[in-house]
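Just run_23.cif here, mmCIF, N, CA and C atoms:
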data_entry
loop_
_atom_site.label_atom_id
_atom_site.label_comp_id
_atom_site.auth_asym_id
_atom_site.auth_seq_id
_atom_site.Cartn_x
_atom_site.Cartn_y
_atom_site.Cartn_z
N MET A 55 55.70 175.50 -78.14
CA MET A 55 57.02 175.61 -77.54
C MET A 55 58.02 174.70 -78.24
N ILE A 56 57.64 173.45 -78.53
CA ILE A 56 58.52 172.53 -79.22
C ILE A 56 58.86 173.05 -80.61
N ALA A 57 57.84 173.45 -81.34
CA ALA A 57 58.07 173.97 -82.69
C ALA A 57 58.97 175.20 -82.65
N GLN A 58 58.79 176.02 -81.64
CA GLN A 58 59.61 177.23 -81.52
C GLN A 58 61.08 176.88 -81.28
N LEU A 59 61.33 175.90 -80.42
CA LEU A 59 62.71 175.48 -80.14
C LEU A 59 63.38 174.95 -81.41
N ILE A 60 62.68 174.11 -82.13
CA ILE A 60 63.25 173.55 -83.36
C ILE A 60 63.44 174.65 -84.40
N THR A 61 62.49 175.55 -84.50
CA THR A 61 62.60 176.66 -85.45
C THR A 61 63.79 177.54 -85.10
N GLN A 62 63.96 177.86 -83.84
CA GLN A 62 65.08 178.71 -83.42
C GLN A 62 66.42 178.05 -83.72
N SER A 63 66.52 176.75 -83.46
CA SER A 63 67.80 176.07 -83.72
C SER A 63 68.04 175.95 -85.23
N ALA A 64 66.98 175.79 -86.01
CA ALA A 64 67.12 175.73 -87.47
C ALA A 64 67.58 177.08 -88.02
N ILE A 65 67.04 178.15 -87.47
CA ILE A 65 67.45 179.50 -87.89
C ILE A 65 68.92 179.73 -87.55
N ALA A 66 69.35 179.26 -86.40
CA ALA A 66 70.76 179.40 -86.01
C ALA A 66 71.67 178.67 -87.00
N VAL A 67 71.24 177.49 -87.44
CA VAL A 67 72.02 176.72 -88.41
C VAL A 67 72.05 177.44 -89.75
N GLN A 68 70.92 177.99 -90.16
CA GLN A 68 70.87 178.73 -91.43
C GLN A 68 71.73 179.98 -91.37
N SER A 69 71.79 180.60 -90.22
CA SER A 69 72.58 181.82 -90.05
C SER A 69 74.08 181.54 -90.00
N ALA A 70 74.44 180.37 -89.50
CA ALA A 70 75.86 180.00 -89.36
C ALA A 70 76.05 178.54 -89.77
N PRO A 71 75.95 178.25 -91.07
CA PRO A 71 75.99 176.85 -91.51
C PRO A 71 77.32 176.13 -91.27
N ASN A 72 78.36 176.86 -90.97
CA ASN A 72 79.66 176.25 -90.70
C ASN A 72 79.99 176.19 -89.21
N ASN A 73 78.99 176.39 -88.37
CA ASN A 73 79.17 176.40 -86.92
C ASN A 73 78.74 175.04 -86.36
N GLY A 74 79.69 174.25 -85.93
CA GLY A 74 79.40 172.93 -85.39
C GLY A 74 78.52 172.98 -84.16
N THR A 75 78.71 173.98 -83.33
CA THR A 75 77.90 174.10 -82.12
C THR A 75 76.44 174.37 -82.46
N ALA A 76 76.19 175.19 -83.47
CA ALA A 76 74.81 175.45 -83.89
C ALA A 76 74.16 174.16 -84.37
N TRP A 77 74.89 173.38 -85.13
CA TRP A 77 74.36 172.09 -85.60
C TRP A 77 74.15 171.13 -84.44
N ALA A 78 75.06 171.14 -83.47
CA ALA A 78 74.91 170.28 -82.30
C ALA A 78 73.65 170.66 -81.51
N ASN A 79 73.41 171.94 -81.35
CA ASN A 79 72.21 172.39 -80.64
C ASN A 79 70.95 171.99 -81.40
N HIS A 80 71.00 172.09 -82.71
CA HIS A 80 69.86 171.69 -83.53
C HIS A 80 69.62 170.19 -83.39
N ALA A 81 70.69 169.41 -83.42
CA ALA A 81 70.56 167.96 -83.23
C ALA A 81 69.94 167.64 -81.88
N SER A 82 70.32 168.37 -80.85
CA SER A 82 69.76 168.15 -79.52
C SER A 82 68.27 168.48 -79.48
N ALA A 83 67.90 169.59 -80.11
CA ALA A 83 66.48 169.98 -80.13
C ALA A 83 65.66 168.92 -80.87
N LEU A 84 66.19 168.41 -81.95
CA LEU A 84 65.49 167.37 -82.71
C LEU A 84 65.39 166.08 -81.90
N LEU A 85 66.48 165.69 -81.27
CA LEU A 85 66.48 164.47 -80.47
C LEU A 85 65.49 164.57 -79.32
N ALA A 86 65.46 165.69 -78.66
CA ALA A 86 64.56 165.87 -77.51
C ALA A 86 63.09 165.77 -77.90
N ASN A 87 62.82 165.91 -79.19
CA ASN A 87 61.45 165.88 -79.66
C ASN A 87 61.18 164.70 -80.60
N ALA A 88 62.03 163.68 -80.49
CA ALA A 88 61.86 162.39 -81.16
C ALA A 88 61.96 162.45 -82.68
N PHE A 89 62.69 163.43 -83.20
CA PHE A 89 63.00 163.47 -84.62
C PHE A 89 64.38 162.80 -84.79
N TYR A 90 64.38 161.48 -84.66
CA TYR A 90 65.63 160.74 -84.54
C TYR A 90 66.50 160.79 -85.80
N GLU A 91 65.91 160.53 -86.93
CA GLU A 91 66.71 160.52 -88.16
C GLU A 91 67.28 161.91 -88.45
N GLU A 92 66.46 162.92 -88.29
CA GLU A 92 66.91 164.29 -88.51
C GLU A 92 67.99 164.68 -87.51
N SER A 93 67.85 164.21 -86.28
CA SER A 93 68.85 164.48 -85.26
C SER A 93 70.19 163.84 -85.62
N ALA A 94 70.15 162.61 -86.07
CA ALA A 94 71.39 161.91 -86.46
C ALA A 94 72.07 162.65 -87.62
N ASN A 95 71.28 163.13 -88.57
CA ASN A 95 71.85 163.86 -89.70
C ASN A 95 72.49 165.18 -89.25
N ALA A 96 71.81 165.90 -88.38
CA ALA A 96 72.36 167.16 -87.88
C ALA A 96 73.62 166.91 -87.04
N ALA A 97 73.62 165.84 -86.27
CA ALA A 97 74.80 165.50 -85.47
C ALA A 97 75.98 165.17 -86.36
N GLU A 98 75.72 164.49 -87.47
CA GLU A 98 76.80 164.16 -88.40
C GLU A 98 77.43 165.42 -88.97
N VAL A 99 76.61 166.40 -89.31
CA VAL A 99 77.13 167.68 -89.80
C VAL A 99 77.95 168.35 -88.70
N ALA A 100 77.42 168.37 -87.49
CA ALA A 100 78.14 169.00 -86.37
C ALA A 100 79.51 168.37 -86.19
N LEU A 101 79.57 167.05 -86.24
CA LEU A 101 80.84 166.36 -86.03
C LEU A 101 81.80 166.54 -87.20
N THR A 102 81.26 166.69 -88.38
CA THR A 102 82.10 166.97 -89.55
C THR A 102 82.75 168.34 -89.41
N LEU A 103 81.99 169.29 -88.88
CA LEU A 103 82.51 170.64 -88.71
C LEU A 103 83.42 170.78 -87.50
N ASP A 104 83.14 170.01 -86.45
CA ASP A 104 83.93 170.13 -85.21
C ASP A 104 83.98 168.76 -84.52
N SER A 105 85.02 168.02 -84.78
CA SER A 105 85.15 166.67 -84.23
C SER A 105 85.41 166.65 -82.72
N SER A 106 85.62 167.81 -82.12
CA SER A 106 85.86 167.86 -80.67
C SER A 106 84.57 167.83 -79.87
N LEU A 107 83.43 167.84 -80.52
CA LEU A 107 82.14 167.84 -79.83
C LEU A 107 81.79 166.41 -79.40
N LEU A 108 82.49 165.93 -78.40
CA LEU A 108 82.33 164.54 -77.98
C LEU A 108 80.93 164.23 -77.47
N HIS A 109 80.28 165.19 -76.84
CA HIS A 109 78.92 164.95 -76.35
C HIS A 109 77.96 164.68 -77.51
N VAL A 110 78.25 165.26 -78.66
CA VAL A 110 77.40 165.01 -79.84
C VAL A 110 77.59 163.57 -80.31
N ARG A 111 78.81 163.10 -80.28
CA ARG A 111 79.08 161.71 -80.69
C ARG A 111 78.32 160.75 -79.76
N TYR A 112 78.31 161.04 -78.48
CA TYR A 112 77.59 160.20 -77.52
C TYR A 112 76.09 160.20 -77.83
N ARG A 113 75.53 161.39 -78.02
CA ARG A 113 74.08 161.47 -78.32
C ARG A 113 73.76 160.81 -79.65
N GLN A 114 74.65 160.98 -80.62
CA GLN A 114 74.42 160.36 -81.92
C GLN A 114 74.39 158.84 -81.79
N SER A 115 75.25 158.29 -80.96
CA SER A 115 75.26 156.84 -80.77
C SER A 115 73.95 156.38 -80.14
N GLN A 116 73.37 157.19 -79.27
CA GLN A 116 72.08 156.84 -78.67
C GLN A 116 70.99 156.81 -79.74
N VAL A 117 71.04 157.78 -80.63
CA VAL A 117 70.04 157.84 -81.71
C VAL A 117 70.18 156.65 -82.65
N LEU A 118 71.39 156.36 -83.04
CA LEU A 118 71.64 155.28 -83.99
C LEU A 118 71.34 153.91 -83.37
N TRP A 119 71.38 153.83 -82.06
CA TRP A 119 71.09 152.57 -81.38
C TRP A 119 69.61 152.20 -81.53
N ARG A 120 68.76 153.21 -81.67
CA ARG A 120 67.30 152.98 -81.77
C ARG A 120 66.96 152.19 -82.97
#
Representation of the structure as structure tokens:
Amino acid sequence: MIAQLITQSAIAVQSAPNNGTAWANHASALLANAFYEESANAAEVALTLDSSLLHVRYRQSQVLWR
């Protein structure tokens, strides 16, 4: 189930690489499964694409705090 969630979010990112929400969802899936560095990287892409995703900035700060 975990692998499937991460795979689905990765496919969404590959399908729409300029979609900040897709990257944000991928960052969330990675964070929820303790892939912290990968989550921070995905969150950075999401925020670069869409700076209005404030919830991503909050989650990213949690990851970087670790």
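Listed by chain and then by number, the residues chosen by the PyMOL selection byres (((chain A and resi 79 and name CA) around 9) and name CA) in this file are Ser63, Ala66, Val67, Gly74, Thr75, Ala76, Trp77, Ala78, His80, Ala81, Ser82, Ala83, Leu84, Ala96, Ala97 and Ala100 of chain A.
The two atoms in question, CA of Ile56 (chain A) and CA of Asn87 (chain A), are spaced 7.3 Å apart.
A straight line drawn from atom N of Ile65 (chain A) to atom N of His109 (chain A) is 21.4 Å long.
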task = Considering only C-alpha atoms, return as a list of chain:residue names whatever protein or nucleic-acid residues lie within 8 Å of Glu91 (chain A), sequence-local ones (same chain, fewer than 3 positions apart) excluded.
result = A:Ala94, A:Asn95, A:Val117
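Atom N of Ala86 (chain A) sits 16.2 Å away from atom C of Val99 (chain A).
Counting only C-alpha atoms, the residue from A:Gln58, A:Ala88, A:Asn72, A:Gln116 that sits nearest to Asp104 (chain A) is A:Asn72.
In terms of minimum interatomic distance to Ser115 (chain A), A:Ser93 ranks closest within A:Gln68, A:Gln62, A:Ser93, A:Asn73, counting only C-alpha atoms.
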Could you put an axis-aligned box around every listed atom of region 57-63 of chain A, padded by 3 Å on each side, and send me its centre and edge lengths in Å to one decimal, as lines of an AutoDock Vina configuration file?
center_x = 62.9
center_y = 176.1
center_z = -82.8
size_x = 16.2
size_y = 11.3
size_z = 11.3
